[in-house]
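Asker: One structure, as structure tokens, below. Some questions next.
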Amino acid sequence: MPKFVLFVMLAAELWPLQTWSFVYPYRINQFTPLERRWWKGPKYNTGTNFGGWLFRIHHGSAGPICGASYYAPYIMLTSANCIHEHRYDLDGAVVQPTFTHQPIDVYVDTIYTPPYFTHYATYVDVAVVRLLETVPGRTTEFIKLCNRTIQDNMKMTSYGWGFDTAGLQSSDTKSFVVPVENIQSCRKKLASTNIRLSSTTFCVTHPRDPRQCRYDGGAPLTYGTELCGVASYGPLCKYTNQPGIYTDINKVTKFIEDIAFKIKNGHLIRESRGKNRETRWYNQYKNKNRKKLKRKIALKKEEYDHQ
């Protein structure tokens, strides 16, 4: 048998875990420019994944809860409605990639939502998910925010997990191409429900077959290589005669970029979540400027005691 074939077989046997995404020369750190790790599209990936930017948020007691998109070193984007129930109970909350078999868990630190957001409403339904650390690996990448005006009949790609034949939520990520629906048509279809559109939302037409519907809370909607929508509060996939509702990223970009700027420049201090979260945060960073961290934690404890 040729030596080359033997080498390939040996490499395949000894290779630790398969990764199915574009491989970059370095892992992401806090200084990585966004444009250097923007997703370049499906043709740059291998296998059946959808890119190194697509994640899922898991909660310690609730399991998988929301889809998420990797936007910046410490930031994921999801639906504020989807994460709302758990935003003040984040112990055990992690993000996990959909594009690799490697066991990567990155803890969620803080959730930021727009000041005018209201639970069960669609207005500014977006959440900035702050991570405790950057996501490891050389296959992770960011997704660029949408800079295109949403128009009727635009063909978008929806991502999600849906349900299997047993009625359980699937663990396999899938996608489907869906058209943007006319907003007036969408309002008419929702007239008999308690769901109301807002100035920051748009609709898509679901496929008729519920098994092809991709509409999980916080899951992304892309146009080309840009993130243009996040699945908002709306009808379930079993009602495919009703439209899917998405937050228009164009309408919430200012909020996202403002939070990202403040995190990058240290203008947002992590929120207190109790003794365990403070201890974990302190232990992770205690070797960096110990005196400054002790002073910050003393202030955080003082704020926590007065809550």
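Labeling convention for the structure tokens: chains A, B, ... as they appear, residues from 1 per chain, ligands from 1 in order of appearance.
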Can you check which residues of region 10-137 of chain A DSSP gives as helix (DSSP H, G or I) on the backbone and send them as a list in words?
Answerer: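 Assigned to helix (DSSP H, G or I), within region 10-137 of chain A: Leu10, Ala11, Ala12, Glu13, Leu14, Leu34, Glu35, Arg36, Arg37, Pro42, Lys43, Tyr44, Ala80, Asn81, Cys82, Ile83, His84, Glu85 and His86 of chain A.
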Asker: So that I can see what lies close to region 183-188 of chain A, please list as an mmCIF file with all heavy atoms, in the first residue's frame the residues with an atom at most 10 Å from it, counting only C-alpha atoms and leaving out residues fewer than 6 positions away in the same chain.
Answerer:
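Output below, filename around_26.cif:
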```cif
data_model
loop_
_atom_site.group_PDB
_atom_site.id
_atom_site.type_symbol
_atom_site.label_atom_id
_atom_site.label_comp_id
_atom_site.auth_asym_id
_atom_site.auth_seq_id
_atom_site.Cartn_x
_atom_site.Cartn_y
_atom_site.Cartn_z
ATOM 1 N N GLN A 151 -36.914 44.463 2.048
ATOM 2 C CA GLN A 151 -37.964 44.711 1.064
ATOM 3 C C GLN A 151 -38.774 43.445 0.829
ATOM 4 O O GLN A 151 -38.300 42.321 1.064
ATOM 5 C CB GLN A 151 -37.348 45.189 -0.249
ATOM 6 C CG GLN A 151 -36.580 46.494 -0.131
ATOM 7 C CD GLN A 151 -35.946 46.914 -1.444
ATOM 8 O OE1 GLN A 151 -35.847 46.118 -2.381
ATOM 9 N NE2 GLN A 151 -35.510 48.158 -1.532
ATOM 10 N N ASP A 152 -40.009 43.613 0.362
ATOM 11 C CA ASP A 152 -40.883 42.473 0.071
ATOM 12 C C ASP A 152 -40.206 41.520 -0.910
ATOM 13 O O ASP A 152 -39.513 41.950 -1.847
ATOM 14 C CB ASP A 152 -42.207 42.954 -0.527
ATOM 15 C CG ASP A 152 -43.019 43.780 0.454
ATOM 16 O OD1 ASP A 152 -42.626 43.836 1.629
ATOM 17 O OD2 ASP A 152 -44.039 44.361 0.039
ATOM 18 N N ILE A 195 -50.652 38.934 18.893
ATOM 19 C CA ILE A 195 -49.321 39.382 18.477
ATOM 20 C C ILE A 195 -49.441 40.615 17.599
ATOM 21 O O ILE A 195 -50.227 40.626 16.649
ATOM 22 C CB ILE A 195 -48.579 38.264 17.725
ATOM 23 C CG1 ILE A 195 -48.430 37.038 18.627
ATOM 24 C CG2 ILE A 195 -47.219 38.745 17.249
ATOM 25 C CD1 ILE A 195 -48.004 35.802 17.887
ATOM 26 N N ARG A 196 -48.677 41.631 17.928
ATOM 27 C CA ARG A 196 -48.707 42.868 17.158
ATOM 28 C C ARG A 196 -47.310 43.199 16.647
ATOM 29 O O ARG A 196 -46.322 43.096 17.373
ATOM 30 C CB ARG A 196 -49.224 44.017 18.032
ATOM 31 C CG ARG A 196 -50.678 43.833 18.469
ATOM 32 C CD ARG A 196 -51.614 43.892 17.277
ATOM 33 N NE ARG A 196 -53.002 43.611 17.636
ATOM 34 C CZ ARG A 196 -53.590 42.428 17.548
ATOM 35 N NH1 ARG A 196 -52.891 41.396 17.093
ATOM 36 N NH2 ARG A 196 -54.841 42.259 17.899
ATOM 37 N N LEU A 197 -47.264 43.598 15.389
ATOM 38 C CA LEU A 197 -45.984 44.002 14.806
ATOM 39 C C LEU A 197 -45.585 45.376 15.337
ATOM 40 O O LEU A 197 -46.405 46.119 15.874
ATOM 41 C CB LEU A 197 -46.096 44.037 13.288
ATOM 42 C CG LEU A 197 -46.464 42.723 12.601
ATOM 43 C CD1 LEU A 197 -46.538 42.930 11.099
ATOM 44 C CD2 LEU A 197 -45.457 41.635 12.937
ATOM 45 N N THR A 201 -39.856 45.386 13.310
ATOM 46 C CA THR A 201 -40.022 43.995 12.888
ATOM 47 C C THR A 201 -40.383 43.900 11.412
ATOM 48 O O THR A 201 -40.827 44.862 10.791
ATOM 49 C CB THR A 201 -41.121 43.279 13.694
ATOM 50 O OG1 THR A 201 -42.337 44.040 13.597
ATOM 51 C CG2 THR A 201 -40.742 43.136 15.150
ATOM 52 N N PHE A 202 -40.195 42.702 10.863
ATOM 53 C CA PHE A 202 -40.698 42.373 9.535
ATOM 54 C C PHE A 202 -41.090 40.897 9.545
ATOM 55 O O PHE A 202 -40.806 40.175 10.512
ATOM 56 C CB PHE A 202 -39.664 42.679 8.440
ATOM 57 C CG PHE A 202 -38.419 41.837 8.494
ATOM 58 C CD1 PHE A 202 -38.300 40.677 7.724
ATOM 59 C CD2 PHE A 202 -37.338 42.208 9.295
ATOM 60 C CE1 PHE A 202 -37.133 39.910 7.759
ATOM 61 C CE2 PHE A 202 -36.176 41.440 9.332
ATOM 62 C CZ PHE A 202 -36.081 40.291 8.563
ATOM 63 N N CYS A 203 -41.757 40.450 8.499
ATOM 64 C CA CYS A 203 -42.295 39.089 8.465
ATOM 65 C C CYS A 203 -41.710 38.290 7.302
ATOM 66 O O CYS A 203 -41.320 38.855 6.276
ATOM 67 C CB CYS A 203 -43.813 39.112 8.303
ATOM 68 S SG CYS A 203 -44.678 39.999 9.601
ATOM 69 N N VAL A 204 -41.696 36.983 7.480
ATOM 70 C CA VAL A 204 -41.360 36.075 6.388
ATOM 71 C C VAL A 204 -42.465 35.033 6.278
ATOM 72 O O VAL A 204 -43.194 34.773 7.245
ATOM 73 C CB VAL A 204 -39.999 35.375 6.604
ATOM 74 C CG1 VAL A 204 -38.883 36.387 6.774
ATOM 75 C CG2 VAL A 204 -40.050 34.416 7.785
ATOM 76 N N THR A 205 -42.587 34.433 5.105
ATOM 77 C CA THR A 205 -43.578 33.382 4.888
ATOM 78 C C THR A 205 -42.950 32.029 5.167
ATOM 79 O O THR A 205 -41.943 31.660 4.566
ATOM 80 C CB THR A 205 -44.090 33.420 3.434
ATOM 81 O OG1 THR A 205 -44.618 34.726 3.158
ATOM 82 C CG2 THR A 205 -45.184 32.371 3.226
ATOM 83 N N GLN A 242 -49.445 31.193 9.393
ATOM 84 C CA GLN A 242 -49.137 32.507 9.938
ATOM 85 C C GLN A 242 -47.656 32.805 9.723
ATOM 86 O O GLN A 242 -46.825 31.896 9.659
ATOM 87 C CB GLN A 242 -49.484 32.556 11.428
ATOM 88 C CG GLN A 242 -50.985 32.411 11.678
ATOM 89 C CD GLN A 242 -51.319 32.410 13.159
ATOM 90 O OE1 GLN A 242 -50.491 32.090 13.999
ATOM 91 N NE2 GLN A 242 -52.558 32.771 13.476
ATOM 92 N N PRO A 243 -47.308 34.071 9.605
ATOM 93 C CA PRO A 243 -45.918 34.426 9.264
ATOM 94 C C PRO A 243 -44.960 34.295 10.440
ATOM 95 O O PRO A 243 -45.367 34.281 11.612
ATOM 96 C CB PRO A 243 -46.048 35.881 8.819
ATOM 97 C CG PRO A 243 -47.229 36.388 9.585
ATOM 98 C CD PRO A 243 -48.186 35.238 9.682
ATOM 99 N N GLY A 244 -43.676 34.225 10.122
ATOM 100 C CA GLY A 244 -42.636 34.302 11.141
ATOM 101 C C GLY A 244 -42.239 35.756 11.333
ATOM 102 O O GLY A 244 -42.131 36.514 10.363
ATOM 103 N N ILE A 245 -42.038 36.170 12.574
ATOM 104 C CA ILE A 245 -41.732 37.568 12.882
ATOM 105 C C ILE A 245 -40.272 37.688 13.301
ATOM 106 O O ILE A 245 -39.799 36.942 14.168
ATOM 107 C CB ILE A 245 -42.646 38.098 14.002
ATOM 108 C CG1 ILE A 245 -44.112 37.956 13.589
ATOM 109 C CG2 ILE A 245 -42.317 39.554 14.323
ATOM 110 C CD1 ILE A 245 -45.087 38.291 14.677
#
```
Asker: Which of these residues is nearest to Phe142 (chain A), using only C-alpha atoms: A:Leu236, A:Val178, A:Ile104, A:Ile75?
Answerer: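 Between A:Leu236, A:Val178, A:Ile104, A:Ile75, the residue approaching Phe142 (chain A) most closely is A:Ile75.
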Asker: Region 113-223 of chain A near region 94-97 of chain A within 12 Å: what's each residue's closest atom pair and its distance in Å to one decimal, counting only C-alpha atoms, ordered by chain then ascending residue number, as a tab-separated table?
Answerer:
```
residue	atom	partner	partner_atom	distance
A:Val129	CA	A:Val95	CA	9.6
A:Arg130	CA	A:Val95	CA	10.5
A:Leu131	CA	A:Val95	CA	8.5
A:Leu132	CA	A:Val94	CA	9.6
A:Glu133	CA	A:Val95	CA	10.9
A:Thr134	CA	A:Val95	CA	10.8
A:Val135	CA	A:Val95	CA	8.9
A:Pro136	CA	A:Pro97	CA	10.4
A:Gly137	CA	A:Pro97	CA	10.5
A:Thr139	CA	A:Pro97	CA	10.1
A:Thr140	CA	A:Pro97	CA	8.5
A:Glu141	CA	A:Pro97	CA	10.8
A:Ser171	CA	A:Pro97	CA	11.6
A:Asp172	CA	A:Pro97	CA	11.6
A:Thr173	CA	A:Pro97	CA	10.5
```
Asker: Rank nothing, just name the residue among A:Ala80, A:Ile57, A:Tyr24, A:Asn241 nearest to Thr118 (chain A), using only C-alpha atoms.
Answerer: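 With only C-alpha atoms as the atom set, the closest residue is A:Ala80.
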Asker: Just list as a PyMOL selection string whatever in region 57-127 of chain A DSSP marks as strand (DSSP E or B).
Answerer: chain A and resi 57-59+63-72+75-78+94-97+100+106-112+127
Asker: Name the closest residue to Thr193 (chain A) among the candidates A:Phe176, A:Pro220, A:Arg211, A:Tyr239; distances are taken between atoms, counting only C-alpha atoms.
Answerer: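 When distances to Thr193 (chain A) are compared using only C-alpha atoms, the smallest one comes from A:Tyr239.
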Asker: Please provide the set of residues having any atom within 10 Å of region 28-45 of chain A, restricted to only C-alpha atoms, with same-chain residues fewer than 3 positions apart removed, written as a ChimeraX atom specification.
Answerer: /A:20-25,48-53,70-74,99,133-145,224-226,264
